[in-house]
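entry.csv, holding CSV, C-alpha atoms and all ligand atoms:
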```csv
chain,number,residue,atom,x,y,z
A,1,MET,CA,-45.3,3.7,-54.9
A,2,PHE,CA,-45.4,3.6,-51.1
A,3,ALA,CA,-48.7,5.6,-50.9
A,4,THR,CA,-49.0,6.6,-47.2
A,5,THR,CA,-52.0,6.2,-45.0
A,6,ILE,CA,-53.0,5.9,-41.3
A,7,ALA,CA,-54.8,3.2,-39.4
A,8,GLY,CA,-57.6,5.5,-38.6
A,9,SER,CA,-57.8,7.5,-35.4
A,10,LEU,CA,-55.8,10.6,-34.4
A,11,PRO,CA,-55.8,12.3,-31.0
A,12,ARG,CA,-58.7,14.6,-30.3
A,13,PRO,CA,-57.5,18.0,-29.3
A,14,ASP,CA,-57.6,18.7,-25.6
A,15,TRP,CA,-60.2,21.5,-25.9
A,16,LEU,CA,-62.5,18.9,-27.4
A,17,ALA,CA,-62.0,15.7,-25.3
A,18,GLU,CA,-59.9,14.4,-22.4
A,19,PRO,CA,-56.5,13.8,-24.1
A,20,GLU,CA,-54.4,10.7,-24.3
A,21,ILE,CA,-57.1,8.2,-23.3
A,22,LEU,CA,-59.1,5.9,-25.5
A,23,LYS,CA,-62.6,6.9,-24.3
A,24,GLY,CA,-61.9,10.5,-23.3
A,25,GLY,CA,-65.2,12.2,-22.5
A,26,TRP,CA,-66.2,15.3,-24.5
A,27,LYS,CA,-65.5,18.7,-23.0
A,28,LEU,CA,-68.2,20.5,-25.0
A,29,GLU,CA,-71.9,19.8,-25.4
A,30,GLY,CA,-74.7,20.4,-27.8
A,31,GLU,CA,-74.1,22.6,-30.8
A,32,GLU,CA,-70.7,23.6,-29.5
A,33,LEU,CA,-69.7,19.9,-29.4
A,34,GLU,CA,-70.9,19.3,-33.0
A,35,ALA,CA,-69.0,22.4,-34.2
A,36,GLY,CA,-65.9,21.3,-32.2
A,37,LYS,CA,-65.8,17.9,-33.8
A,38,LYS,CA,-66.0,19.4,-37.3
A,39,ARG,CA,-63.2,21.9,-36.4
A,40,ALA,CA,-61.0,19.0,-35.1
A,41,CYS,CA,-61.7,17.0,-38.2
A,42,GLU,CA,-60.8,19.9,-40.5
A,43,GLU,CA,-57.6,20.5,-38.6
A,44,TRP,CA,-56.5,16.9,-39.0
A,45,ILE,CA,-57.4,16.9,-42.7
A,46,ARG,CA,-55.2,20.0,-43.1
A,47,HIS,CA,-52.4,18.4,-41.1
A,48,GLN,CA,-52.5,15.2,-43.1
A,49,GLU,CA,-52.5,17.1,-46.4
A,50,ALA,CA,-49.6,19.3,-45.2
A,51,ALA,CA,-47.6,16.2,-44.1
A,52,GLY,CA,-48.2,14.6,-47.5
A,53,ILE,CA,-50.4,11.6,-46.4
A,54,ASP,CA,-51.9,10.1,-49.5
A,55,ILE,CA,-55.0,8.4,-48.1
A,56,LEU,CA,-56.6,10.4,-45.3
A,57,THR,CA,-59.1,9.7,-42.6
A,58,ASP,CA,-61.3,12.0,-40.4
A,59,GLY,CA,-59.1,10.9,-37.5
A,60,GLU,CA,-62.3,9.3,-36.0
A,61,VAL,CA,-62.6,12.6,-34.0
A,62,PHE,CA,-66.4,12.3,-34.3
A,63,ARG,CA,-66.4,9.1,-32.1
A,64,THR,CA,-65.7,8.2,-28.5
A,65,HIS,CA,-65.1,4.4,-29.2
A,66,PHE,CA,-64.5,2.5,-32.3
A,67,VAL,CA,-67.2,0.0,-31.7
A,68,HIS,CA,-69.7,1.6,-29.3
A,69,SER,CA,-70.1,4.8,-31.4
A,70,PHE,CA,-71.4,2.6,-34.2
A,71,LEU,CA,-73.6,0.5,-32.0
A,72,LYS,CA,-75.3,3.4,-30.3
A,73,LYS,CA,-77.3,3.9,-33.5
A,74,ILE,CA,-78.3,0.2,-34.0
A,75,GLU,CA,-81.7,-1.1,-32.9
A,76,GLY,CA,-82.0,-4.5,-31.2
A,77,ILE,CA,-79.5,-3.5,-28.6
A,78,ASP,CA,-80.5,-2.5,-25.0
A,79,GLN,CA,-77.9,0.1,-24.1
A,80,SER,CA,-79.1,0.1,-20.5
A,81,LYS,CA,-79.0,-3.7,-20.0
A,82,LYS,CA,-75.4,-4.1,-19.0
A,83,THR,CA,-73.8,-7.5,-19.0
A,84,LEU,CA,-70.4,-8.2,-17.5
A,85,MET,CA,-68.3,-9.8,-20.2
A,86,GLY,CA,-64.7,-11.0,-20.7
A,87,ILE,CA,-63.4,-9.1,-23.7
A,88,ARG,CA,-60.8,-10.5,-26.2
A,89,ASP,CA,-60.9,-14.0,-24.7
A,90,ASN,CA,-61.2,-12.7,-21.1
A,91,ARG,CA,-58.2,-10.3,-21.4
A,92,TYR,CA,-60.3,-7.9,-19.4
A,93,ASP,CA,-63.9,-7.6,-18.1
A,94,LEU,CA,-66.2,-4.8,-19.1
A,95,GLU,CA,-69.9,-4.0,-18.5
A,96,VAL,CA,-71.3,-3.9,-22.1
A,97,PRO,CA,-74.7,-3.3,-23.6
A,98,THR,CA,-76.8,-6.4,-24.6
A,99,VAL,CA,-78.3,-7.5,-27.9
A,100,THR,CA,-81.9,-8.3,-27.0
A,101,GLY,CA,-83.5,-8.7,-30.5
A,102,PRO,CA,-82.7,-8.8,-34.2
A,103,VAL,CA,-80.3,-5.9,-35.0
A,104,SER,CA,-81.2,-3.3,-37.6
A,105,ARG,CA,-79.9,0.1,-38.7
A,106,PRO,CA,-82.8,2.5,-38.9
A,107,ALA,CA,-80.6,5.3,-40.4
A,108,PRO,CA,-77.0,5.8,-41.6
A,109,VAL,CA,-74.5,6.0,-38.7
A,110,PHE,CA,-71.5,7.8,-40.0
A,111,LEU,CA,-72.8,9.2,-43.3
A,112,ASP,CA,-73.3,12.9,-42.3
A,113,ASP,CA,-69.8,13.0,-40.7
A,114,PHE,CA,-68.3,11.4,-43.7
A,115,LYS,CA,-70.0,13.8,-46.2
A,116,PHE,CA,-68.6,16.7,-44.2
A,117,THR,CA,-65.1,15.2,-44.2
A,118,ARG,CA,-65.5,14.5,-48.0
A,119,SER,CA,-66.3,18.2,-48.6
A,120,LEU,CA,-63.0,19.2,-47.1
A,121,THR,CA,-60.5,17.5,-49.4
A,122,ASP,CA,-60.1,16.1,-52.9
A,123,LYS,CA,-57.5,13.6,-51.7
A,124,GLN,CA,-58.3,9.9,-51.2
A,125,LEU,CA,-60.3,9.3,-48.1
A,126,LYS,CA,-60.7,6.2,-46.0
A,127,ILE,CA,-63.5,5.5,-43.5
A,128,THR,CA,-63.2,2.9,-40.8
A,129,LEU,CA,-66.0,0.7,-39.4
A,130,PRO,CA,-65.9,-1.9,-36.6
A,131,GLY,CA,-65.6,-5.5,-38.0
A,132,PRO,CA,-68.4,-8.0,-37.3
A,133,MET,CA,-66.3,-10.4,-35.2
A,134,THR,CA,-64.9,-7.5,-33.0
A,135,ILE,CA,-68.4,-6.2,-32.5
A,136,CYS,CA,-69.5,-9.6,-31.2
A,137,ASP,CA,-66.6,-9.5,-28.8
A,138,THR,CA,-67.6,-6.1,-27.5
A,139,ILE,CA,-71.3,-6.6,-26.9
A,140,ALA,CA,-73.3,-9.3,-25.0
A,141,ASP,CA,-75.8,-11.5,-26.7
A,142,ASP,CA,-79.2,-12.3,-25.3
A,143,HIS,CA,-80.9,-13.1,-28.6
A,144,TYR,CA,-78.9,-14.9,-31.3
A,145,GLY,CA,-77.4,-17.6,-29.2
A,146,SER,CA,-74.5,-18.0,-31.6
A,147,ARG,CA,-71.6,-15.7,-32.3
A,148,PRO,CA,-71.4,-16.6,-36.0
A,149,ASP,CA,-75.1,-15.8,-36.4
A,150,MET,CA,-74.9,-12.5,-34.6
A,151,ALA,CA,-71.7,-11.6,-36.5
A,152,MET,CA,-73.5,-12.3,-39.8
A,153,ALA,CA,-76.4,-10.1,-38.8
A,154,PHE,CA,-74.0,-7.2,-38.0
A,155,ALA,CA,-72.1,-7.9,-41.3
A,156,GLU,CA,-75.3,-7.3,-43.3
A,157,LEU,CA,-75.9,-3.9,-41.7
A,158,LEU,CA,-72.3,-2.9,-41.9
A,159,ASN,CA,-72.4,-3.7,-45.6
A,160,ASP,CA,-75.4,-1.4,-46.0
A,161,GLU,CA,-73.5,1.3,-44.2
A,162,ALA,CA,-70.3,0.7,-46.2
A,163,LYS,CA,-72.3,1.0,-49.5
A,164,GLU,CA,-73.7,4.3,-48.5
A,165,LEU,CA,-70.2,5.6,-47.6
A,166,GLU,CA,-68.8,4.4,-50.9
A,167,ALA,CA,-71.6,6.2,-52.7
A,168,ALA,CA,-70.7,9.3,-50.8
A,169,GLY,CA,-67.2,9.2,-52.0
A,170,ALA,CA,-65.2,6.8,-49.8
A,171,ASP,CA,-62.1,5.6,-51.6
A,172,VAL,CA,-61.3,3.0,-48.9
A,173,VAL,CA,-63.6,1.3,-46.4
A,174,GLN,CA,-61.7,-0.4,-43.6
A,175,PHE,CA,-63.0,-2.9,-41.1
A,176,ASP,CA,-61.3,-3.0,-37.7
A,177,GLU,CA,-60.9,-6.5,-36.5
A,178,PRO,CA,-58.6,-6.7,-33.5
A,179,ALA,CA,-60.4,-9.8,-32.4
A,180,PHE,CA,-58.9,-11.6,-35.4
A,181,ASN,CA,-55.6,-12.4,-33.7
A,182,VAL,CA,-57.4,-13.7,-30.5
A,183,PHE,CA,-59.9,-16.2,-31.9
A,184,MET,CA,-57.8,-17.7,-34.7
A,185,ASP,CA,-60.0,-20.9,-35.1
A,186,ASP,CA,-63.1,-18.7,-35.3
A,187,VAL,CA,-61.5,-16.5,-37.9
A,188,ARG,CA,-61.0,-19.5,-40.2
A,189,GLU,CA,-64.4,-21.1,-39.4
A,190,TRP,CA,-66.6,-18.0,-39.7
A,191,GLY,CA,-64.7,-14.7,-39.3
A,192,ILE,CA,-63.6,-14.5,-42.9
A,193,ASP,CA,-67.1,-15.3,-44.1
A,194,THR,CA,-68.6,-12.4,-42.0
A,195,LEU,CA,-65.9,-10.1,-43.2
A,196,ASN,CA,-66.6,-11.1,-46.8
A,197,ARG,CA,-70.3,-10.4,-46.2
A,198,ALA,CA,-69.4,-6.9,-44.8
A,199,VAL,CA,-67.5,-6.0,-48.0
A,200,GLN,CA,-69.8,-7.7,-50.4
A,201,GLY,CA,-70.5,-5.7,-53.6
A,202,LEU,CA,-68.2,-2.8,-52.7
A,203,LYS,CA,-66.2,-1.4,-55.6
A,204,CYS,CA,-64.0,0.8,-53.6
A,205,THR,CA,-60.8,-0.4,-51.9
A,206,LYS,CA,-61.6,-2.8,-49.0
A,207,ALA,CA,-59.3,-3.0,-46.0
A,208,VAL,CA,-59.0,-4.8,-42.8
A,209,HIS,CA,-57.0,-3.6,-39.8
A,210,ILE,CA,-56.0,-6.2,-37.2
A,211,CYS,CA,-53.6,-5.4,-34.4
A,212,TYR,CA,-52.6,-6.4,-30.9
A,213,GLY,CA,-54.3,-3.4,-29.3
A,214,TYR,CA,-52.8,-0.2,-27.8
A,215,GLY,CA,-53.5,2.4,-25.2
A,216,ILE,CA,-54.8,0.2,-22.3
A,217,GLU,CA,-52.9,-1.5,-19.6
A,218,GLU,CA,-54.6,-4.9,-20.2
A,219,ASN,CA,-53.2,-5.1,-23.7
A,220,ILE,CA,-49.7,-4.3,-22.6
A,221,GLN,CA,-49.9,-7.1,-20.0
A,222,TRP,CA,-51.4,-9.5,-22.5
A,223,LYS,CA,-48.6,-8.8,-25.0
A,224,GLU,CA,-46.0,-9.6,-22.3
A,225,THR,CA,-47.4,-13.2,-22.3
A,226,LEU,CA,-47.0,-13.7,-26.0
A,227,GLY,CA,-43.2,-14.3,-26.0
A,228,GLU,CA,-40.4,-13.0,-28.2
A,229,GLU,CA,-42.1,-13.5,-31.5
A,230,TRP,CA,-45.8,-12.9,-32.1
A,231,ARG,CA,-46.9,-15.5,-34.6
A,232,GLN,CA,-50.7,-15.4,-34.3
A,233,TYR,CA,-50.9,-14.0,-37.9
A,234,ASP,CA,-49.4,-17.2,-39.2
A,235,GLU,CA,-52.7,-18.9,-38.4
A,236,ILE,CA,-55.0,-16.5,-40.0
A,237,PHE,CA,-53.2,-14.8,-42.9
A,238,PRO,CA,-53.4,-17.8,-45.3
A,239,SER,CA,-57.2,-17.6,-44.9
A,240,LEU,CA,-57.2,-13.8,-45.1
A,241,ASN,CA,-55.2,-14.0,-48.3
A,242,LYS,CA,-58.3,-15.8,-49.9
A,243,SER,CA,-60.7,-13.2,-48.5
A,244,HIS,CA,-62.3,-10.4,-50.6
A,245,VAL,CA,-60.5,-7.5,-48.9
A,246,ASP,CA,-57.7,-5.7,-50.8
A,247,GLN,CA,-55.6,-4.4,-48.0
A,248,VAL,CA,-54.4,-5.9,-44.7
A,249,SER,CA,-52.5,-4.0,-41.9
A,250,LEU,CA,-49.5,-5.2,-40.0
A,251,GLU,CA,-47.7,-3.5,-37.1
A,252,CYS,CA,-44.0,-3.5,-38.1
A,253,ALA,CA,-42.6,-0.6,-36.0
A,254,SER,CA,-41.0,-1.6,-32.7
A,255,SER,CA,-43.1,-4.8,-32.8
A,256,HIS,CA,-42.6,-8.5,-32.0
A,257,VAL,CA,-44.4,-9.5,-35.2
A,258,PRO,CA,-41.9,-11.2,-37.5
A,259,LEU,CA,-42.3,-9.5,-40.9
A,260,SER,CA,-42.0,-12.8,-42.6
A,261,VAL,CA,-45.7,-13.4,-41.8
A,262,MET,CA,-46.4,-11.1,-44.7
A,263,SER,CA,-45.4,-13.9,-47.1
A,264,HIS,CA,-48.8,-15.4,-46.4
A,265,LEU,CA,-50.5,-12.4,-48.1
A,266,SER,CA,-49.2,-12.7,-51.6
A,267,ASP,CA,-52.4,-11.4,-53.1
A,268,LYS,CA,-53.0,-8.4,-50.9
A,269,GLN,CA,-51.7,-4.9,-50.4
A,270,ILE,CA,-50.1,-4.5,-47.0
A,271,MET,CA,-50.5,-1.4,-44.8
A,272,VAL,CA,-47.0,-1.6,-43.2
A,273,GLY,CA,-47.1,0.0,-39.8
A,274,ALA,CA,-43.9,2.1,-39.7
A,275,VAL,CA,-44.6,4.3,-36.7
A,276,ALA,CA,-45.7,2.9,-33.4
A,277,VAL,CA,-48.4,4.1,-31.0
A,278,THR,CA,-45.9,5.1,-28.4
A,279,ALA,CA,-45.7,8.6,-26.9
A,280,ASP,CA,-42.1,8.6,-25.7
A,281,ARG,CA,-40.4,9.2,-29.0
A,282,VAL,CA,-41.0,10.0,-32.6
A,283,GLU,CA,-39.4,7.7,-35.2
A,284,THR,CA,-36.8,9.2,-37.5
A,285,PRO,CA,-37.5,9.2,-41.2
A,286,GLU,CA,-34.5,6.9,-41.6
A,287,GLU,CA,-36.1,4.4,-39.1
A,288,VAL,CA,-39.4,4.6,-41.1
A,289,ALA,CA,-37.5,4.0,-44.3
A,290,ALA,CA,-35.7,1.0,-42.8
A,291,THR,CA,-39.0,-0.6,-41.8
A,292,ILE,CA,-40.4,-0.1,-45.3
A,293,ASN,CA,-37.2,-1.5,-46.7
A,294,GLU,CA,-37.4,-4.5,-44.4
A,295,ALA,CA,-41.0,-5.1,-45.7
A,296,THR,CA,-39.8,-5.2,-49.3
A,297,ARG,CA,-37.9,-8.4,-48.4
A,298,TYR,CA,-41.3,-10.1,-48.3
A,299,VAL,CA,-43.7,-8.0,-50.4
A,300,ASP,CA,-43.4,-6.3,-53.8
A,301,PRO,CA,-42.9,-2.6,-53.3
A,302,GLU,CA,-46.0,-1.8,-55.2
A,303,ARG,CA,-48.1,-3.6,-52.7
A,304,ILE,CA,-46.8,-1.6,-49.7
A,305,LEU,CA,-48.6,1.3,-48.1
A,306,PRO,CA,-46.6,2.8,-45.2
A,307,CYS,CA,-49.0,3.4,-42.3
A,308,THR,CA,-49.3,3.9,-38.6
A,309,ASN,CA,-49.2,0.7,-36.5
A,310,CYS,CA,-52.7,1.4,-35.1
A,311,GLY,CA,-55.0,4.3,-34.2
A,312,MET,CA,-53.1,7.2,-32.6
A,313,THR,CA,-55.8,8.3,-30.1
A,314,PRO,CA,-53.9,7.3,-27.0
A,315,ILE,CA,-50.9,9.6,-27.7
A,316,ALA,CA,-50.3,13.3,-27.4
A,317,TYR,CA,-51.5,15.5,-30.3
A,318,ASP,CA,-48.1,17.0,-31.2
A,319,ILE,CA,-46.4,13.6,-31.0
A,320,ALA,CA,-49.0,12.1,-33.4
A,321,LEU,CA,-48.5,15.0,-35.8
A,322,ALA,CA,-44.7,14.6,-35.7
A,323,LYS,CA,-45.2,10.9,-36.5
A,324,LEU,CA,-47.2,11.7,-39.6
A,325,TYR,CA,-44.3,13.9,-40.9
A,326,ALA,CA,-41.8,11.1,-40.0
A,327,LEU,CA,-44.0,8.6,-41.9
A,328,THR,CA,-44.1,10.6,-45.1
A,329,ALA,CA,-40.5,11.6,-44.9
A,330,GLY,CA,-39.5,8.0,-44.4
A,331,ALA,CA,-41.6,6.9,-47.4
A,332,LYS,CA,-39.9,9.5,-49.5
A,333,ILE,CA,-36.4,8.1,-48.5
A,334,ALA,CA,-37.6,4.6,-49.2
A,335,ARG,CA,-38.9,5.6,-52.7
A,336,LYS,CA,-35.6,7.2,-53.6
A,337,ALA,CA,-33.6,4.3,-52.4
A,338,LEU,CA,-35.6,1.9,-54.6
A,401,ZN,ZN,-55.3,-1.3,-34.1
```

In structure tokens, how does this file's structure come out?
Ligand code: ZN
Amino acid sequence: MFATTIAGSLPRPDWLAEPEILKGGWKLEGEELEAGKKRACEEWIRHQEAAGIDILTDGEVFRTHFVHSFLKKIEGIDQSKKTLMGIRDNRYDLEVPTVTGPVSRPAPVFLDDFKFTRSLTDKQLKITLPGPMTICDTIADDHYGSRPDMAMAFAELLNDEAKELEAAGADVVQFDEPAFNVFMDDVREWGIDTLNRAVQGLKCTKAVHICYGYGIEENIQWKETLGEEWRQYDEIFPSLNKSHVDQVSLECASSHVPLSVMSHLSDKQIMVGAVAVTADRVETPEEVAATINEATRYVDPERILPCTNCGMTPIAYDIALAKLYALTAGAKIARKAL
């Protein structure tokens, strides 16, 4: 009951990368960098074990960006052909690489990193991958001419990657789809189909992480326009409930998302975000327990996995670590109270 997990990323230590920013550049190079990533991964695995997290991740410490680190290994993309593109429905503009031909995956992308992580622990392990729709909202298209077509092409190669990770011992494969609460019509029209294609044939647990985005100023400004209650999930959760994923995330800590939206997900497990990606304070275990307790008003307790709201990369290492302990301590209180 109340198995704990995390959304995915954890802060990279400051000897490895620029701290507290999303795309912090590496401070090491060559073999030192490769060894440093492994050391950072092992440290987070030990921290998660010590804190009592049930489903661990590698903290995404091998990556610089949740989408581009995957795309760098994909053929059909011209990394040097930069196109200025409005990201997340023009929330902000970025120069992004451009798809110039059919995309293909000549070799596994995260498999070696995952095998290393798998060798460190016997606990359940989750691996995260970018979702097909979010990829298409993070890269320019000069080949497919249609976002659904390009997303489906990416979904096929993500599925191949996911199957290899499953075979290497992944207990959970999670697709990160923050674009899902921006393009709600597209989610219903083709986003669920491409997500289903990405998880097709997987026997491990399949998860999707959707969120309102953290760590960059543009997201903070956008969220200020969304009003008192963020109800975007009302429009997509009914379709998501019919999808082939097992778990859906929801940010519940210090959030404007009404927890009643979980009622749309009666057939899914919910990763209940019970600690926020905010650096100014650490939730108390009692606050975490209260959030979990609030979620039980809408979801059977056996379908609840206490989790972080989102990736923790943007906050300080020690704060993130303290939040892991708050999360597990809060889950313990909630278990006892039940
Ligand atoms: Zn997120």

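With distances restricted to all atoms listed in the file, A:Glu177 is the closest residue to ligand ZN 401 (chain A) from A:Glu287, A:Asp149, A:Glu60, A:Glu177.
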
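Distance annotation: of A:His244, A:His209, A:Arg91, A:Arg63, the residue with the minimal separation from ligand ZN 401 (chain A) is A:His209; atom set is all atoms listed in the file.
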
Inset, instruction - Return as a PyMOL selection string every polymer residue, whether protein, DNA or RNA, with at least one atom no more than 7 Å from an atom of ligand ZN 401 (chain A); count all atoms listed in the file. - result: chain A and resi 7+178+209-214+309-311

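Reported to one decimal place, the separation of CA of Gln247 (chain A) from CA of Val208 (chain A) is 6.2 Å.
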
Inset, instruction - Counting all atoms listed in the file, select every polymer residue within 12 Å of (-45.6, 16.0, -48.8) as defined in the file's coordinates, and provide the selection as JSON, numbers by chain. - result: {"A": [3, 4, 46, 47, 48, 49, 50, 51, 52, 53, 54, 324, 325, 326, 327, 328, 329, 330, 331, 332]}

Inset, instruction - Calculate how many Å separate CA of Cys307 (chain A) from CA of Trp190 (chain A), rounding to one decimal. - result: 27.8 Å

Inset, instruction - Could you tell me how far CA of Leu240 (chain A) lies from CA of His68 (chain A), in Å and to one decimal? - result: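 If I compute the distance from CA of Leu240 (chain A) to CA of His68 (chain A), I get 25.4 Å.
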
Each residue of region 145-194 of chain A lying at most 12 Å from region 110-118 of chain A should get a row with its shortest atom-to-atom pair and the distance in Å to one decimal, counting only C-alpha atoms; could you produce that, ordered by chain and increasing number, as CSV?
```
residue,atom,partner,partner_atom,distance
A:Leu158,CA,A:Phe110,CA,10.9
A:Asp160,CA,A:Leu111,CA,11.2
A:Glu161,CA,A:Leu111,CA,8.0
A:Ala162,CA,A:Leu111,CA,9.3
A:Lys163,CA,A:Leu111,CA,10.3
A:Glu164,CA,A:Leu111,CA,7.2
A:Leu165,CA,A:Leu111,CA,6.2
A:Glu166,CA,A:Leu111,CA,9.8
A:Ala167,CA,A:Leu111,CA,9.9
A:Ala168,CA,A:Lys115,CA,6.5
A:Gly169,CA,A:Arg118,CA,6.9
A:Ala170,CA,A:Arg118,CA,7.9
A:Asp171,CA,A:Arg118,CA,10.2
A:Val173,CA,A:Phe114,CA,11.5
```

Take the residues just selected and output them with C-alpha atoms as a compact mmCIF listing (two decimals), keeping the file's coordinate frame.
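What landed in selection16.txt:
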```txt
# COMPACT_ATOMS: atom_id res chain seq x y z
CA LEU A 158 -72.30 -2.90 -41.90
CA ASP A 160 -75.40 -1.40 -46.00
CA GLU A 161 -73.50 1.30 -44.20
CA ALA A 162 -70.30 0.70 -46.20
CA LYS A 163 -72.30 1.00 -49.50
CA GLU A 164 -73.70 4.30 -48.50
CA LEU A 165 -70.20 5.60 -47.60
CA GLU A 166 -68.80 4.40 -50.90
CA ALA A 167 -71.60 6.20 -52.70
CA ALA A 168 -70.70 9.30 -50.80
CA GLY A 169 -67.20 9.20 -52.00
CA ALA A 170 -65.20 6.80 -49.80
CA ASP A 171 -62.10 5.60 -51.60
CA VAL A 173 -63.60 1.30 -46.40
```

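Ranking A:Leu28, A:Ile292, A:Leu56, A:Leu265 by their shortest atom-to-atom distance to Asp14 (chain A), with only C-alpha atoms included, puts A:Leu28 first.
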
Legend entry - Distance criterion (all atoms listed in the file): nearest to Thr128 (chain A) out of A:Asp93, A:Glu18, A:Asp185, A:Asp58: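 Counting all atoms listed in the file, the residue closest to Thr128 (chain A) is A:Asp58.
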
Inset, instruction - Write out as JSON, numbers by chain each polymer residue whose atoms come within 12 Å of Glu228 (chain A), counting all atoms listed in the file; drop sequence neighbours fewer than 5 positions from it. - result: {"A": [223, 255, 256, 257, 258]}

Output the selection as a CSV table (one decimal), in the coordinates of the input - C-alpha atoms for each residue.
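Done, and the output landed in result16.csv:
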```csv
chain,number,residue,atom,x,y,z
A,223,LYS,CA,-48.6,-8.8,-25.0
A,255,SER,CA,-43.1,-4.8,-32.8
A,256,HIS,CA,-42.6,-8.5,-32.0
A,257,VAL,CA,-44.4,-9.5,-35.2
A,258,PRO,CA,-41.9,-11.2,-37.5
```

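Using all atoms listed in the file for every distance, the candidate list A:Lys203, A:Arg88, A:Arg105, A:His264 yields A:Arg88 as the residue closest to Ala179 (chain A).
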
Inset, instruction - Counting only C-alpha atoms, figure out which residue out of A:Glu229, A:Asp246, A:Asp193, A:Asp234 gets nearest to Ile304 (chain A). - result: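 Among the listed residues, the smallest separation from Ile304 (chain A) belongs to A:Asp246.
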